[in-house]
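Trainee: Structure provided below as C-alpha cells; questions to follow.
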Amino acid sequence: MLRRSCSIAFSLAFAGLASFSANAVSAADSTWSFRVPVQLQYYSDDDNDYHVIGNLTTTEATIPNGITSVGNSSDSLGGNNLVFSLTGQQYDDLNADPTIGLRAISLEDAHLNQPYNPTVDRIDTGFNFGVILSGGVVNMYEVDSDYSLINSTDDLENVGSEGYAQIFTPGQSNSNFAYVDDFTIPNASDGTDIVGDFTINFTWSGYSPTDTLEFSFPDTGVTIQQVSIPEPTSLSLLAAPALLALRRRRA
C-alpha cells in the first residue's frame, strides 16, 4: 500500500492515466473510488522514504465494477494522455537513489455490493503506456499490483502480481500487459472492501541535462476492474496479457 510521504515543490508537466478496457463477462459487482490522486514519487537515501514530486492531474471515471483515470495533456508528438515529462537536469535535481529512481503510484478502494466468488471473480489490472526518450536508457524494472480484502475488523487476505520489466532506449516505445489477481476467501460477503494500488518503478541513466523523458498512456492506460468469468473460460483472460505475471500472495 501507499507509504507515507512528504510533498516537495518541483516543476514538472503532469497529466493522467487513461483507460484500459477489461471485458467483464458476468455479474461481478463492486463500486470503486480513488483514495489518493496518482502521484510521482522519488526515493531518498537521506531518510529511506518516498517523497511526492507532484499529484497528476486526472479526469477520474468509473466503469462497470472498476475504475480508470484519464489524462488531459498531450506528449511532444501530439498524442493524448501524458502522465509526466522531465529533463535530465530535473531528474538530477531530485537526487533520487540511482538504483531505485522514481515511481508512479495510485491507491484505490472498492466496496463489494455482493459476495465475492473466489471460483470465478478476479481483479484485472490492465496497463498500456508509452515512453518517448531523447537520450539515455530507462529501465522499467518493476510494475506491481497489490490488493487487500478487508472487512470492518480484519485484513482477510493480500494478493498481488509483479514481473513486468523492460528497457527503453531513445525513440518512441509502447507496451501493454495485464495482471490477474484472485482472492481465495470463500465467504467474502457484500460489505467487504478491497484496497488496492499499482506502482510503476523506473530508473533513468546515461542522459544529458537537456535530454527529455515523457511517459504517456496512448489511447488507453491503467484500469482496475473486478470481473467474473464463468468456467470454462476463466483461463481466457490469462491468455491475453503480453506478460505472464509472477503472482505473489502474502499472509
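In the C-alpha cells, the first chain shown is A, the next is B, and so on; residue numbers restart at 1 for each chain, and ligands run from 1 in the order shown.
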Need to verify the contact set: segment 185-201 of chain A, 8 Å, only C-alpha atoms, exclusion of same-chain residues closer than 5 positions in sequence. Can you return it as a PyMOL selection string?

Mentor: chain A and resi 1-2+100-118+140-152+156-157

Trainee: Enumerate, as a short mmCIF file (atom, residue, chain, number, x, y, z; two decimals) with C-alpha atoms, in the first residue's frame, the complete set of residues in segment 24-96 of chain A that a backbone-based DSSP assignment places in helix (DSSP H, G or I).

Mentor:
data_model
loop_
_atom_site.label_atom_id
_atom_site.label_comp_id
_atom_site.auth_asym_id
_atom_site.auth_seq_id
_atom_site.Cartn_x
_atom_site.Cartn_y
_atom_site.Cartn_z
CA GLY A 88 17.77 15.07 -17.33
CA GLN A 89 18.55 18.13 -15.21
CA GLN A 90 15.25 17.81 -13.35
CA TYR A 91 15.95 14.12 -12.74
CA ASP A 92 19.41 15.04 -11.38
CA ASP A 93 17.94 17.71 -9.11
CA LEU A 94 15.79 15.12 -7.38
#

Trainee: Check the DSSP output for the backbone and give back, as a count of residues only, the residues of segment 44-181 of chain A in strand (DSSP E).

Mentor: 84

Trainee: Using only C-alpha atoms, find each residue of segment 148-248 of chain A with at least one atom at most 10 Å away from an atom of segment 120-135 of chain A; report its shortest atom-to-atom pair and that distance in Å (one decimal), sort the rows by chain and rising residue number, and return the result as CSV.

Mentor:
residue,atom,partner,partner_atom,distance
A:Val159,CA,A:Ile123,CA,9.9
A:Gly160,CA,A:Ile123,CA,9.6
A:Ser161,CA,A:Thr125,CA,9.5
A:Phe168,CA,A:Val131,CA,7.3
A:Thr169,CA,A:Leu133,CA,6.8
A:Pro170,CA,A:Leu133,CA,4.7
A:Gly171,CA,A:Leu133,CA,5.3
A:Gln172,CA,A:Ile132,CA,4.5
A:Ser173,CA,A:Val131,CA,5.3
A:Asn174,CA,A:Gly130,CA,4.2
A:Ser175,CA,A:Phe129,CA,5.6
A:Asn176,CA,A:Asn128,CA,4.1
A:Phe177,CA,A:Phe127,CA,5.4
A:Ala178,CA,A:Gly126,CA,4.2
A:Tyr179,CA,A:Thr125,CA,5.2
A:Val180,CA,A:Asp124,CA,4.7
A:Asp181,CA,A:Ile123,CA,5.1
A:Asp182,CA,A:Arg122,CA,4.9
A:Phe183,CA,A:Arg122,CA,7.5
A:Thr184,CA,A:Asp121,CA,9.7
A:Ile194,CA,A:Ile123,CA,9.9
A:Gly196,CA,A:Ile123,CA,9.8
A:Asp197,CA,A:Thr125,CA,9.8
A:Phe198,CA,A:Thr125,CA,8.5
A:Trp204,CA,A:Gly135,CA,9.5
A:Ser205,CA,A:Gly135,CA,8.9
A:Gly206,CA,A:Gly135,CA,7.3
A:Tyr207,CA,A:Gly135,CA,5.3
A:Ser208,CA,A:Gly135,CA,7.1
A:Pro209,CA,A:Gly135,CA,9.8
A:Thr210,CA,A:Gly135,CA,8.9
A:Asp211,CA,A:Ser134,CA,5.5
A:Thr212,CA,A:Ser134,CA,5.5
A:Leu213,CA,A:Leu133,CA,4.8
A:Glu214,CA,A:Ile132,CA,5.0
A:Phe215,CA,A:Val131,CA,4.8
A:Ser216,CA,A:Gly130,CA,5.0
A:Phe217,CA,A:Phe129,CA,4.1
A:Pro218,CA,A:Phe129,CA,6.0
A:Asp219,CA,A:Asn128,CA,8.2
A:Thr220,CA,A:Asn128,CA,5.9
A:Gly221,CA,A:Asn128,CA,4.7
A:Val222,CA,A:Phe127,CA,4.6
A:Thr223,CA,A:Gly126,CA,5.4
A:Ile224,CA,A:Thr125,CA,4.6
A:Gln225,CA,A:Asp124,CA,5.3
A:Gln226,CA,A:Ile123,CA,4.6
A:Val227,CA,A:Arg122,CA,5.4
A:Ser228,CA,A:Asp121,CA,4.3
A:Ile229,CA,A:Val120,CA,5.3
A:Pro230,CA,A:Val120,CA,5.8
A:Glu231,CA,A:Val120,CA,7.2
A:Pro232,CA,A:Val120,CA,9.7
A:Thr233,CA,A:Val120,CA,9.5
A:Ser234,CA,A:Val120,CA,6.9
A:Leu237,CA,A:Asp124,CA,8.6
A:Leu238,CA,A:Asp124,CA,9.6
A:Pro241,CA,A:Gly126,CA,8.3

Trainee: What's the 9 Å shell around Ser44 of chain A, counting only C-alpha atoms, without same-chain residues fewer than 6 positions away, as a VMD selection string?

Mentor: chain A and resid 50 to 51 94 to 97

Trainee: Have a look at atom CA of Gly78 of chain A and atom CA of Val137 of chain A and let me know their distance in Å, one decimal.

Mentor: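 According to the coordinates, atom CA of Gly78 of chain A and atom CA of Val137 of chain A are separated by 22.5 Å.
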